[in-house]
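**Student:** Enclosed is the structure file run-v9.csv (CSV, C-alpha atoms and all ligand atoms).
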```
chain,number,residue,atom,x,y,z
C,1,MET,CA,21.2,0.8,6.9
C,2,THR,CA,23.6,3.3,8.2
C,3,ASP,CA,21.3,5.2,10.5
C,4,ILE,CA,22.5,4.9,14.1
C,5,GLN,CA,19.6,6.7,15.6
C,6,GLU,CA,16.6,4.5,16.4
C,7,PRO,CA,13.6,5.5,14.3
C,8,THR,CA,10.4,6.4,16.1
C,9,SER,CA,7.7,5.7,13.5
C,10,ARG,CA,6.0,2.2,13.4
C,11,PHE,CA,6.8,1.7,9.8
C,12,LEU,CA,10.6,2.6,10.0
C,13,ARG,CA,10.9,0.6,13.2
C,14,ALA,CA,9.5,-2.4,11.5
C,15,CYS,CA,11.9,-1.9,8.5
C,16,ALA,CA,14.7,-2.2,11.1
C,17,ARG,CA,13.0,-5.2,12.8
C,18,LEU,CA,12.5,-3.2,16.0
C,19,GLU,CA,9.6,-3.7,18.4
C,20,THR,CA,6.5,-1.6,17.5
C,21,ASP,CA,3.3,-0.8,19.5
C,22,ALA,CA,1.2,-2.2,16.7
C,23,THR,CA,1.8,-3.7,13.3
C,24,PRO,CA,2.3,-0.9,10.7
C,25,VAL,CA,0.1,-0.9,7.6
C,26,TRP,CA,0.1,0.9,4.3
C,27,LEU,CA,-1.2,-0.3,0.9
C,28,MET,CA,0.4,-0.3,-2.5
C,29,ARG,CA,-1.6,2.1,-4.8
C,30,GLN,CA,-3.2,3.5,-1.7
C,31,ALA,CA,-3.6,6.8,-3.7
C,32,GLY,CA,-5.6,6.0,-6.8
C,33,ARG,CA,-8.8,5.4,-8.7
C,34,TYR,CA,-10.7,3.8,-5.8
C,35,MET,CA,-10.7,7.2,-4.1
C,36,PRO,CA,-13.3,9.7,-5.3
C,37,GLU,CA,-10.9,12.6,-4.3
C,38,TYR,CA,-8.3,11.1,-6.7
C,39,ARG,CA,-10.8,10.6,-9.6
C,40,ARG,CA,-11.9,14.3,-9.2
C,41,ILE,CA,-8.4,15.5,-9.9
C,42,ARG,CA,-7.9,13.0,-12.7
C,43,GLU,CA,-11.0,14.2,-14.5
C,44,ARG,CA,-9.2,17.5,-15.2
C,45,HIS,CA,-5.6,16.3,-15.6
C,46,SER,CA,-3.8,13.5,-17.4
C,47,MET,CA,-1.6,11.0,-15.5
C,48,LEU,CA,1.7,12.6,-16.9
C,49,ASP,CA,0.4,16.1,-16.1
C,50,VAL,CA,-0.3,15.1,-12.5
C,51,ILE,CA,3.1,13.5,-12.1
C,52,GLY,CA,4.7,16.6,-13.6
C,53,ALA,CA,2.9,19.0,-11.2
C,54,PRO,CA,4.5,18.8,-7.8
C,55,GLU,CA,1.6,20.4,-5.9
C,56,LEU,CA,-1.0,18.0,-7.5
C,57,ALA,CA,1.3,15.0,-6.9
C,58,ALA,CA,1.7,16.1,-3.3
C,59,GLU,CA,-2.0,16.6,-2.8
C,60,ILE,CA,-2.8,13.0,-4.2
C,61,THR,CA,0.0,11.5,-2.0
C,62,LEU,CA,-1.7,13.0,1.1
C,63,GLN,CA,-5.2,11.9,0.2
C,64,PRO,CA,-5.0,8.4,1.8
C,65,ILE,CA,-3.1,9.9,4.8
C,66,GLU,CA,-6.1,12.2,5.4
C,67,ALA,CA,-8.7,9.5,4.8
C,68,PHE,CA,-7.1,6.6,6.7
C,69,ASP,CA,-4.8,5.9,9.6
C,70,VAL,CA,-2.0,4.4,7.4
C,71,ASP,CA,1.5,4.3,8.7
C,72,ALA,CA,3.3,5.5,5.6
C,73,ALA,CA,2.8,7.6,2.5
C,74,ILE,CA,4.1,6.7,-1.0
C,75,ILE,CA,4.9,9.5,-3.4
C,76,PHE,CA,2.4,9.7,-6.2
C,77,ALA,CA,4.3,8.9,-9.4
C,78,ASP,CA,4.8,5.9,-11.7
C,79,ILE,CA,7.6,3.5,-12.5
C,80,LEU,CA,7.6,4.4,-16.2
C,81,PRO,CA,8.5,8.2,-16.4
C,82,PRO,CA,12.3,7.5,-16.1
C,83,LEU,CA,12.0,5.9,-19.5
C,84,ILE,CA,11.2,9.4,-21.0
C,85,GLY,CA,14.6,10.8,-20.1
C,86,MET,CA,16.2,7.7,-21.7
C,87,GLY,CA,14.5,8.6,-25.0
C,88,PHE,CA,11.2,6.7,-25.0
C,89,GLU,CA,7.9,8.3,-25.9
C,90,LEU,CA,5.5,7.3,-23.0
C,91,GLU,CA,1.8,7.8,-23.0
C,92,PHE,CA,-0.9,6.6,-20.5
C,93,VAL,CA,-3.8,5.7,-22.8
C,94,LYS,CA,-7.2,6.0,-21.2
C,95,GLY,CA,-8.7,2.5,-20.6
C,96,GLN,CA,-5.6,0.8,-21.9
C,97,GLY,CA,-2.7,1.6,-19.7
C,98,PRO,CA,0.8,2.7,-20.5
C,99,CYS,CA,2.1,2.8,-24.1
C,100,ILE,CA,5.7,3.3,-25.4
C,101,HIS,CA,5.4,4.6,-28.9
C,102,ASN,CA,9.0,3.8,-29.9
C,103,PRO,CA,9.8,0.5,-28.2
C,104,ILE,CA,13.2,-1.2,-28.6
C,105,GLN,CA,13.3,-3.2,-31.9
C,106,ARG,CA,17.0,-3.7,-32.6
C,107,THR,CA,20.2,-3.6,-30.6
C,108,TYR,CA,21.0,-0.1,-32.0
C,109,ASP,CA,18.0,1.2,-30.2
C,110,ILE,CA,19.6,0.2,-26.9
C,111,ASP,CA,23.0,1.8,-27.8
C,112,ILE,CA,21.4,5.2,-28.3
C,113,LEU,CA,19.5,5.3,-25.0
C,114,ALA,CA,20.5,8.2,-22.8
C,115,THR,CA,21.3,7.9,-19.0
C,116,PRO,CA,20.7,11.4,-17.7
C,117,PRO,CA,20.6,12.1,-14.0
C,118,ALA,CA,17.1,12.5,-12.6
C,119,THR,CA,17.6,16.2,-11.8
C,120,ALA,CA,18.2,16.9,-15.5
C,121,THR,CA,14.9,15.3,-16.5
C,122,ARG,CA,11.2,15.8,-15.8
C,123,LEU,CA,11.7,13.4,-12.8
C,124,SER,CA,12.8,16.6,-11.0
C,125,ALA,CA,9.0,17.3,-10.6
C,126,THR,CA,8.7,14.1,-8.5
C,127,LEU,CA,11.8,15.2,-6.5
C,128,ASP,CA,10.0,18.5,-5.8
C,129,ALA,CA,6.8,16.6,-4.9
C,130,ILE,CA,8.9,14.6,-2.4
C,131,ARG,CA,10.2,17.8,-0.9
C,132,LEU,CA,6.7,19.2,-0.5
C,133,VAL,CA,5.2,16.0,1.1
C,134,SER,CA,8.1,15.2,3.4
C,135,ALA,CA,8.0,18.7,4.8
C,136,GLU,CA,4.2,18.3,5.4
C,137,LEU,CA,4.6,14.8,7.0
C,138,ARG,CA,7.5,15.6,9.2
C,139,SER,CA,5.3,17.1,12.0
C,140,LYS,CA,3.0,14.0,11.8
C,141,GLU,CA,6.0,11.6,12.0
C,142,ILE,CA,4.6,9.7,9.0
C,143,PRO,CA,7.4,8.4,6.7
C,144,LEU,CA,7.3,8.9,3.0
C,145,ILE,CA,8.3,6.1,0.6
C,146,GLY,CA,10.0,6.9,-2.7
C,147,PHE,CA,10.1,4.2,-5.4
C,148,ALA,CA,11.3,3.1,-8.8
C,149,GLY,CA,10.9,0.2,-11.1
C,150,ALA,CA,13.4,-2.6,-11.3
C,151,PRO,CA,15.4,-3.1,-14.5
C,152,PHE,CA,13.5,-6.2,-15.8
C,153,THR,CA,10.1,-4.7,-15.2
C,154,LEU,CA,11.1,-1.5,-17.0
C,155,ALA,CA,12.9,-3.3,-19.8
C,156,SER,CA,9.7,-5.3,-20.4
C,157,TYR,CA,7.7,-2.1,-21.1
C,158,ALA,CA,10.6,-0.6,-23.2
C,159,ILE,CA,10.7,-3.7,-25.4
C,160,GLU,CA,7.0,-4.8,-25.6
C,161,GLY,CA,5.8,-1.2,-25.9
C,162,GLY,CA,3.2,-1.8,-23.1
C,163,GLY,CA,1.8,-4.5,-20.8
C,164,THR,CA,2.1,-8.1,-21.9
C,165,LYS,CA,1.0,-11.6,-20.7
C,166,SER,CA,3.8,-13.6,-22.5
C,167,TYR,CA,6.9,-11.4,-22.5
C,168,VAL,CA,7.7,-12.9,-25.9
C,169,LYS,CA,9.7,-9.9,-27.2
C,170,THR,CA,11.5,-9.3,-24.0
C,171,LYS,CA,12.6,-12.9,-23.5
C,172,ALA,CA,13.4,-13.3,-27.2
C,173,LEU,CA,15.8,-10.3,-27.0
C,174,MET,CA,17.2,-11.6,-23.7
C,175,TYR,CA,17.9,-15.1,-25.2
C,176,SER,CA,19.2,-14.0,-28.6
C,177,GLU,CA,21.1,-10.9,-27.8
C,178,PRO,CA,22.6,-11.4,-24.3
C,179,ALA,CA,25.3,-8.7,-24.8
C,180,ALA,CA,22.6,-6.1,-25.7
C,181,TRP,CA,20.4,-7.2,-22.8
C,182,LYS,CA,23.4,-6.6,-20.5
C,183,ARG,CA,23.9,-3.1,-21.9
C,184,LEU,CA,20.2,-2.3,-21.5
C,185,MET,CA,20.1,-3.6,-17.9
C,186,GLU,CA,23.2,-1.7,-17.0
C,187,LYS,CA,21.8,1.6,-18.4
C,188,LEU,CA,18.6,1.0,-16.4
C,189,VAL,CA,20.6,0.3,-13.2
C,190,THR,CA,22.5,3.6,-13.7
C,191,VAL,CA,19.3,5.6,-14.2
C,192,GLN,CA,17.3,4.0,-11.4
C,193,ALA,CA,20.1,4.1,-8.8
C,194,ASP,CA,20.6,7.8,-9.5
C,195,TYR,CA,16.8,8.4,-9.3
C,196,LEU,CA,16.4,6.4,-6.0
C,197,LEU,CA,19.4,8.2,-4.4
C,198,ALA,CA,17.9,11.6,-5.5
C,199,GLN,CA,14.6,10.7,-3.9
C,200,ALA,CA,16.2,9.9,-0.5
C,201,GLU,CA,18.2,13.1,-0.8
C,202,ALA,CA,14.9,15.0,-1.4
C,203,GLY,CA,13.4,13.6,1.8
C,204,ALA,CA,12.1,10.1,1.1
C,205,SER,CA,12.5,8.1,4.3
C,206,ALA,CA,12.4,4.7,2.7
C,207,LEU,CA,12.6,3.4,-0.9
C,208,GLN,CA,10.8,0.6,-2.7
C,209,LEU,CA,12.0,-1.2,-5.8
C,210,PHE,CA,9.1,-2.7,-7.9
C,211,ASP,CA,10.0,-5.8,-9.8
C,212,SER,CA,6.4,-6.5,-10.6
C,213,TRP,CA,6.8,-8.8,-13.6
C,214,ALA,CA,10.1,-10.7,-13.3
C,215,GLY,CA,8.5,-13.5,-11.4
C,216,LEU,CA,5.5,-13.8,-13.8
C,217,ALA,CA,7.9,-14.1,-16.8
C,218,LEU,CA,11.0,-16.0,-15.7
C,219,SER,CA,12.2,-19.4,-14.5
C,220,GLN,CA,14.6,-19.5,-11.6
C,221,GLN,CA,17.5,-20.1,-13.9
C,222,ASP,CA,16.6,-17.1,-16.1
C,223,TYR,CA,16.1,-14.9,-13.0
C,224,GLU,CA,19.6,-15.9,-11.8
C,225,ARG,CA,21.2,-15.2,-15.1
C,226,TYR,CA,19.3,-12.2,-16.6
C,227,VAL,CA,18.0,-10.3,-13.5
C,228,ARG,CA,19.9,-11.1,-10.3
C,229,PRO,CA,23.3,-9.5,-11.2
C,230,TYR,CA,21.6,-6.2,-12.1
C,231,ASN,CA,19.2,-6.1,-9.1
C,232,GLN,CA,22.1,-7.0,-6.8
C,233,LYS,CA,24.1,-4.1,-8.2
C,234,LEU,CA,21.2,-1.7,-7.9
C,235,PHE,CA,20.5,-2.6,-4.3
C,236,ALA,CA,24.2,-2.2,-3.4
C,237,MET,CA,24.3,1.3,-5.0
C,238,VAL,CA,21.0,2.3,-3.3
C,239,ALA,CA,22.2,1.1,0.1
C,240,ARG,CA,24.3,4.2,0.2
C,241,ALA,CA,21.1,6.3,0.6
C,242,GLY,CA,21.1,5.3,4.3
C,243,VAL,CA,17.3,4.6,4.3
C,244,PRO,CA,15.6,1.2,4.4
C,245,VAL,CA,14.9,-0.3,1.0
C,246,ILE,CA,12.0,-2.6,0.2
C,247,ASN,CA,12.5,-5.3,-2.4
C,248,PHE,CA,9.1,-6.0,-4.0
C,249,SER,CA,8.2,-8.6,-6.6
C,250,THR,CA,5.2,-10.8,-7.5
C,251,GLY,CA,5.0,-14.4,-8.8
C,252,THR,CA,8.4,-15.2,-7.2
C,253,ALA,CA,7.3,-18.0,-4.8
C,254,ALA,CA,9.4,-20.5,-6.6
C,255,TYR,CA,12.6,-18.6,-5.9
C,256,ILE,CA,11.9,-16.0,-3.2
C,257,GLU,CA,15.2,-16.7,-1.5
C,258,ASP,CA,17.1,-15.7,-4.7
C,259,VAL,CA,15.0,-12.5,-4.9
C,260,ALA,CA,15.8,-11.7,-1.3
C,261,ALA,CA,19.5,-12.4,-1.8
C,262,CYS,CA,19.6,-9.5,-4.3
C,263,GLY,CA,19.3,-7.1,-1.4
C,264,GLY,CA,17.0,-4.8,0.5
C,265,ASP,CA,16.1,-4.5,4.1
C,266,VAL,CA,12.4,-5.6,3.7
C,267,ILE,CA,11.2,-8.2,1.2
C,268,GLY,CA,7.7,-7.7,-0.3
C,269,VAL,CA,5.8,-10.9,-0.9
C,270,ASP,CA,2.6,-11.6,-2.7
C,271,TRP,CA,-0.4,-13.8,-1.7
C,272,ARG,CA,0.6,-16.8,-3.8
C,273,MET,CA,2.7,-18.0,-0.8
C,274,THR,CA,2.0,-18.0,2.9
C,275,LEU,CA,3.7,-15.3,4.9
C,276,ASP,CA,5.3,-17.7,7.5
C,277,TRP,CA,6.6,-20.0,4.7
C,278,ALA,CA,8.0,-17.0,2.8
C,279,TRP,CA,9.7,-15.5,5.9
C,280,SER,CA,11.4,-18.8,6.8
C,281,ARG,CA,12.7,-19.1,3.2
C,282,ILE,CA,13.9,-15.5,3.2
C,283,GLY,CA,15.4,-15.6,6.7
C,284,HIS,CA,14.2,-13.8,9.8
C,285,ASP,CA,17.1,-11.5,9.6
C,286,LYS,CA,15.1,-9.5,7.0
C,287,ALA,CA,11.8,-7.7,7.5
C,288,ILE,CA,8.8,-8.7,5.4
C,289,GLN,CA,6.0,-6.8,3.8
C,290,GLY,CA,2.7,-8.3,2.7
C,291,ASN,CA,0.7,-10.2,1.8
C,292,LEU,CA,-3.1,-9.9,1.5
C,293,ASP,CA,-4.7,-10.8,-1.9
C,294,PRO,CA,-5.8,-7.3,-3.1
C,295,VAL,CA,-9.1,-8.9,-4.3
C,296,ALA,CA,-9.9,-9.7,-0.6
C,297,LEU,CA,-10.7,-6.0,-0.2
C,298,LEU,CA,-13.7,-6.6,-2.4
C,299,ALA,CA,-15.0,-9.4,-0.2
C,300,PRO,CA,-17.5,-9.1,2.7
C,301,TRP,CA,-15.9,-8.1,6.0
C,302,ARG,CA,-16.2,-11.6,7.4
C,303,GLU,CA,-14.0,-13.0,4.7
C,304,LEU,CA,-11.6,-10.0,4.7
C,305,SER,CA,-11.1,-10.0,8.4
C,306,ALA,CA,-10.4,-13.7,8.5
C,307,ARG,CA,-7.7,-13.2,5.9
C,308,ILE,CA,-6.1,-10.4,7.9
C,309,ASP,CA,-6.2,-12.7,10.9
C,310,ASP,CA,-4.4,-15.4,9.0
C,311,VAL,CA,-1.6,-13.1,7.8
C,312,LEU,CA,-1.2,-11.6,11.3
C,313,GLN,CA,-1.1,-15.1,12.8
C,314,ARG,CA,1.5,-16.2,10.4
C,315,ALA,CA,3.7,-13.2,11.3
C,316,GLU,CA,3.6,-14.4,14.9
C,317,GLY,CA,4.0,-10.9,16.3
C,318,ARG,CA,7.6,-11.1,15.2
C,319,PRO,CA,9.2,-7.6,14.8
C,320,GLY,CA,9.7,-6.7,11.2
C,321,HIS,CA,6.3,-7.4,9.7
C,322,ILE,CA,4.6,-4.6,7.7
C,323,LEU,CA,1.1,-5.4,6.6
C,324,ASN,CA,0.3,-4.7,3.0
C,325,GLN,CA,-1.2,-6.4,0.0
C,326,GLY,CA,0.7,-8.6,-2.4
C,327,HIS,CA,0.0,-6.1,-5.2
C,328,GLY,CA,-1.9,-2.8,-5.7
C,329,VAL,CA,-5.4,-1.8,-4.6
C,330,PHE,CA,-7.9,-2.4,-7.3
C,331,PRO,CA,-10.1,0.6,-8.5
C,332,GLU,CA,-13.2,-1.4,-7.5
C,333,THR,CA,-12.2,-1.4,-3.8
C,334,PRO,CA,-14.7,0.2,-1.4
C,335,PRO,CA,-12.7,2.9,0.5
C,336,ASP,CA,-14.6,1.8,3.6
C,337,ASN,CA,-12.9,-1.6,3.4
C,338,VAL,CA,-9.5,0.1,3.4
C,339,ARG,CA,-10.5,2.1,6.5
C,340,ARG,CA,-11.7,-1.0,8.3
C,341,LEU,CA,-8.6,-3.0,7.3
C,342,VAL,CA,-6.2,-0.3,8.6
C,343,ASP,CA,-8.1,0.2,11.9
C,344,TYR,CA,-8.5,-3.6,12.4
C,345,VAL,CA,-4.8,-4.3,12.0
C,346,HIS,CA,-3.9,-1.6,14.5
C,347,SER,CA,-6.5,-2.6,17.1
C,348,LYS,CA,-5.9,-6.3,16.7
C,349,THR,CA,-2.1,-5.9,17.2
C,350,LEU,CA,-1.9,-3.0,19.6
C,351,SER,CA,0.0,-4.0,22.7
C,352,PRO,CA,1.3,-1.6,25.3
C,353,LEU,CA,3.8,-4.3,26.3
C,354,ARG,CA,5.4,-4.2,22.9
C,355,SER,CA,6.6,-0.6,23.3
C,356,GLN,CA,6.7,2.0,26.1
C,357,ARG,CA,5.4,4.9,24.1
C,358,PRO,CA,2.8,5.4,21.5
C,359,GLN,CA,4.0,5.5,17.9
C,360,ARG,CA,2.6,6.3,14.6
C,401,LIG,O1,1.2,3.1,-4.8
C,401,LIG,C1,0.9,4.3,-4.9
C,401,LIG,O2,-0.1,4.8,-4.4
C,401,LIG,C2,1.9,5.2,-5.7
C,401,LIG,C3,1.6,5.4,-7.1
C,401,LIG,C4,2.0,4.3,-8.1
C,401,LIG,C5,1.4,4.3,-9.4
C,401,LIG,N1,2.0,3.3,-10.1
C,401,LIG,C6,0.3,5.2,-9.8
C,401,LIG,C7,-0.5,4.8,-11.0
C,401,LIG,C8,2.9,3.3,-8.1
C,401,LIG,C9,3.8,2.8,-6.9
C,401,LIG,C10,2.9,2.7,-9.4
C,401,LIG,C11,3.9,1.6,-9.8
C,401,LIG,C12,3.7,0.9,-11.1
C,401,LIG,N2,3.2,1.5,-12.2
C,401,LIG,C13,4.0,-0.4,-11.3
C,401,LIG,C14,4.6,-1.3,-10.3
C,401,LIG,C15,3.6,-1.8,-9.3
C,401,LIG,C16,2.5,-2.6,-9.8
C,401,LIG,O3,1.4,-2.3,-9.8
C,401,LIG,O4,2.9,-3.7,-10.3
C,401,LIG,C17,3.7,-0.7,-12.6
C,401,LIG,C18,3.9,-2.0,-13.3
C,401,LIG,C19,3.2,0.5,-13.2
C,401,LIG,C20,2.9,0.7,-14.6
C,401,LIG,C21,1.5,1.2,-14.8
C,401,LIG,N3,1.1,2.4,-14.5
C,401,LIG,C22,0.4,0.4,-15.3
C,401,LIG,C23,0.5,-1.0,-15.8
C,401,LIG,C24,-0.7,1.3,-15.3
C,401,LIG,C25,-2.0,1.0,-15.9
C,401,LIG,C26,-2.8,0.0,-15.1
C,401,LIG,C27,-3.7,0.8,-14.2
C,401,LIG,O5,-3.7,0.4,-13.0
C,401,LIG,O6,-4.4,1.7,-14.6
C,401,LIG,C28,-0.3,2.5,-14.7
C,401,LIG,C29,-1.1,3.7,-14.5
C,401,LIG,C30,-1.2,4.1,-13.0
C,401,LIG,N4,-0.1,4.3,-12.2
C,401,LIG,C31,-2.3,4.5,-12.3
C,401,LIG,C32,-1.9,4.9,-11.1
C,401,LIG,C33,-2.8,5.5,-10.0
C,401,LIG,C34,-3.7,4.6,-12.9
C,401,LIG,C35,-3.8,5.9,-13.6
C,401,LIG,C36,-5.3,6.3,-13.7
C,401,LIG,O7,-6.0,5.9,-14.6
C,401,LIG,O8,-5.6,7.2,-12.9
```
Can the structure from this file be put into structure tokens for me?
**Tutor:**
Amino acid sequence: MTDIQEPTSRFLRACARLETDATPVWLMRQAGRYMPEYRRIRERHSMLDVIGAPELAAEITLQPIEAFDVDAAIIFADILPPLIGMGFELEFVKGQGPCIHNPIQRTYDIDILATPPATATRLSATLDAIRLVSAELRSKEIPLIGFAGAPFTLASYAIEGGGTKSYVKTKALMYSEPAAWKRLMEKLVTVQADYLLAQAEAGASALQLFDSWAGLALSQQDYERYVRPYNQKLFAMVARAGVPVINFSTGTAAYIEDVAACGGDVIGVDWRMTLDWAWSRIGHDKAIQGNLDPVALLAPWRELSARIDDVLQRAEGRPGHILNQGHGVFPETPPDNVRRLVDYVHSKTLSPLRSQRPQR
């Protein structure tokens, strides 16, 4: 981070491992189908329409800020739209999830992929939404998180044509055409670095890179060989934005230190490992984000609060912990549990001794 001025918000202070008056909390997918306000908008507009309409995307981004006392907003968008500018036909199919109608089938398909700057594509609508939301949040001192997908996770959609449990096509291409894999990953690094830098320029005060699937697909050796060089390059390029960067992945307990070594100021960890174990492996010179099981939000309060207690206890009140889940909120989540979680984390960790003045 290049910022010399000390941030004042809880979330940005925690990113910099500074003392906070309470543990900051926000949730991945905090804007989404579990909220009736969101479902009402989605009844009338498709996913890509909403992402392409800055006013609607801004409105959805602000819904959880109005409903709960969360310490950060995340811009409403998705990791997949950057693929459209590269030449892929993306559709969000109701009840099925994302679908790429022209997935990569041969190395030639990789060679013809474009790498336009974000401003020259429909991603400019997301940059406009960031401008609208950051202007709105400035007076409330709530930071806005921009985000993008990491190269492996995006490549898996571009090659499989959608979600997968086995990653057969992705790994087969990786193993049999390593030079083509390199060209694909390098193109994705170019597009994603430009997009993330543009988001910071538009007003995002932090950035998160989602490598949601690398850990579920790859061994440590394959991660080192086929993912790490590209993630490392991407984090190095994005560090120029001068805002904190969160490095998020799932299923990476077996090699979380290698994931952390790729870069980022904050390491996002899932619930498959304990927070204290993860933090000691990563090193306490990085901040950490996590790591409730998102299904715990469907449990009775007794169970949920015990799990929150456990995560907080494992963080030991050390500066640099941002409470979040290990993955996104499920649509079945009762909004009341989100409200209780956020308020409980604040009240449980609030300490006037940890900071002289109140923060948000
Ligand atoms: O966190 C937020 O509140 C910001 C919004 C956000 C969305 N997607 C909105 C969305 C973010 C950060 C994402 C990231 C994303 N998208 C990831 C990485 C994080 C993760 O969850 O692993 C991935 C892999 C995707 C790809 C994607 N988009 C899938 C697999 C799906 C279908 C599954 C599902 O949950 O429906 C989507 C659609 C999507 N992206 C929805 C939302 C709110 C659901 C759309 C709807 O039906 O309303």
**Student:** Please give me, as a VMD selection string, the residues lying within 6 Å of ligand LIG 401 (chain C) when counting all atoms listed in the file.
**Tutor:** chain C and resid 28 to 33 47 74 to 79 97 to 98 210 212 328
**Student:** Would you work out the distance separating CA of Tyr157 in chain C from CA of Ala172 in chain C, expressed in Å to one decimal?
**Tutor:**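 According to the coordinates, CA of Tyr157 in chain C and CA of Ala172 in chain C are separated by 14.0 Å.
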**Student:** Mind pulling up the distance from CA of Gly283 in chain C to CA of Ile142 in chain C?
**Tutor:**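 About the pair CA of Ile142 in chain C and CA of Gly283 in chain C: they are 27.6 Å apart.
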**Student:** Please list as a PDB file with C-alpha atoms, in the frame of the given file every residue within 12 Å of Ile322 in chain C, counting only C-alpha atoms and excluding residues in the same chain fewer than 4 positions away.
**Tutor:**
```pdb
ATOM      1  CA  ARG C  10       6.000   2.200  13.400  1.00  0.00           C
ATOM      2  CA  PHE C  11       6.800   1.700   9.800  1.00  0.00           C
ATOM      3  CA  LEU C  12      10.600   2.600  10.000  1.00  0.00           C
ATOM      4  CA  ARG C  13      10.900   0.600  13.200  1.00  0.00           C
ATOM      5  CA  ALA C  14       9.500  -2.400  11.500  1.00  0.00           C
ATOM      6  CA  CYS C  15      11.900  -1.900   8.500  1.00  0.00           C
ATOM      7  CA  ALA C  16      14.700  -2.200  11.100  1.00  0.00           C
ATOM      8  CA  ARG C  17      13.000  -5.200  12.800  1.00  0.00           C
ATOM      9  CA  LEU C  18      12.500  -3.200  16.000  1.00  0.00           C
ATOM     10  CA  GLU C  19       9.600  -3.700  18.400  1.00  0.00           C
ATOM     11  CA  THR C  20       6.500  -1.600  17.500  1.00  0.00           C
ATOM     12  CA  ALA C  22       1.200  -2.200  16.700  1.00  0.00           C
ATOM     13  CA  THR C  23       1.800  -3.700  13.300  1.00  0.00           C
ATOM     14  CA  PRO C  24       2.300  -0.900  10.700  1.00  0.00           C
ATOM     15  CA  VAL C  25       0.100  -0.900   7.600  1.00  0.00           C
ATOM     16  CA  TRP C  26       0.100   0.900   4.300  1.00  0.00           C
ATOM     17  CA  LEU C  27      -1.200  -0.300   0.900  1.00  0.00           C
ATOM     18  CA  MET C  28       0.400  -0.300  -2.500  1.00  0.00           C
ATOM     19  CA  VAL C  70      -2.000   4.400   7.400  1.00  0.00           C
ATOM     20  CA  ASP C  71       1.500   4.300   8.700  1.00  0.00           C
ATOM     21  CA  ALA C  72       3.300   5.500   5.600  1.00  0.00           C
ATOM     22  CA  ILE C 246      12.000  -2.600   0.200  1.00  0.00           C
ATOM     23  CA  VAL C 266      12.400  -5.600   3.700  1.00  0.00           C
ATOM     24  CA  ILE C 267      11.200  -8.200   1.200  1.00  0.00           C
ATOM     25  CA  GLY C 268       7.700  -7.700  -0.300  1.00  0.00           C
ATOM     26  CA  VAL C 269       5.800 -10.900  -0.900  1.00  0.00           C
ATOM     27  CA  LEU C 275       3.700 -15.300   4.900  1.00  0.00           C
ATOM     28  CA  LYS C 286      15.100  -9.500   7.000  1.00  0.00           C
ATOM     29  CA  ALA C 287      11.800  -7.700   7.500  1.00  0.00           C
ATOM     30  CA  ILE C 288       8.800  -8.700   5.400  1.00  0.00           C
ATOM     31  CA  GLN C 289       6.000  -6.800   3.800  1.00  0.00           C
ATOM     32  CA  GLY C 290       2.700  -8.300   2.700  1.00  0.00           C
ATOM     33  CA  ASN C 291       0.700 -10.200   1.800  1.00  0.00           C
ATOM     34  CA  LEU C 292      -3.100  -9.900   1.500  1.00  0.00           C
ATOM     35  CA  VAL C 311      -1.600 -13.100   7.800  1.00  0.00           C
ATOM     36  CA  LEU C 312      -1.200 -11.600  11.300  1.00  0.00           C
ATOM     37  CA  ALA C 315       3.700 -13.200  11.300  1.00  0.00           C
ATOM     38  CA  GLY C 317       4.000 -10.900  16.300  1.00  0.00           C
ATOM     39  CA  ARG C 318       7.600 -11.100  15.200  1.00  0.00           C
ATOM     40  CA  GLY C 326       0.700  -8.600  -2.400  1.00  0.00           C
ATOM     41  CA  VAL C 342      -6.200  -0.300   8.600  1.00  0.00           C
ATOM     42  CA  VAL C 345      -4.800  -4.300  12.000  1.00  0.00           C
ATOM     43  CA  HIS C 346      -3.900  -1.600  14.500  1.00  0.00           C
ATOM     44  CA  THR C 349      -2.100  -5.900  17.200  1.00  0.00           C
TER      45      THR C 349
END
```
**Student:** Neighbours of Ile51 in chain C within 9 Å (all atoms listed in the file; same-chain residues fewer than 3 positions away dropped), as a PyMOL selection string?
**Tutor:** chain C and resi 46-48+54+56-57+76-78+81+123+125-126+129
**Student:** Just checking: using only C-alpha atoms, which residue out of C:Val245, C:Ala135, C:Leu80, C:Glu257 ends up closest to Ser156 in chain C?
**Tutor:**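 When distances to Ser156 in chain C are compared using only C-alpha atoms, the smallest one comes from C:Leu80.
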**Student:** Could you pull the residues within 12 Å of Lys182 in chain C, counting only C-alpha atoms, minus those fewer than 5 positions along the same chain, as a PyMOL selection string?
**Tutor:** chain C and resi 107+110-111+151-152+155+173-177+187-189+225-230
**Student:** So, counting all atoms listed in the file, which residue among C:Met86, C:Ile100, C:Val243, C:Leu127 is closest to Ala114 in chain C?
**Tutor:**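 For Ala114 in chain C, the nearest of the given residues is C:Met86.
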**Student:** Determine, for each residue of range 310-349 of chain C having at least one atom at most 12 Å from an atom of range 65-68 of chain C, the closest pair of atoms and their separation in Å to one decimal, counting only C-alpha atoms; order by chain and ascending number, as CSV.
**Tutor:**
```
residue,atom,partner,partner_atom,distance
C:Pro335,CA,C:Ala67,CA,8.8
C:Asp336,CA,C:Phe68,CA,9.4
C:Asn337,CA,C:Phe68,CA,10.6
C:Val338,CA,C:Phe68,CA,7.7
C:Arg339,CA,C:Phe68,CA,5.6
C:Arg340,CA,C:Phe68,CA,9.0
C:Leu341,CA,C:Phe68,CA,9.7
C:Val342,CA,C:Phe68,CA,7.2
C:Asp343,CA,C:Phe68,CA,8.3
C:Tyr344,CA,C:Phe68,CA,11.8
C:His346,CA,C:Phe68,CA,11.8
```
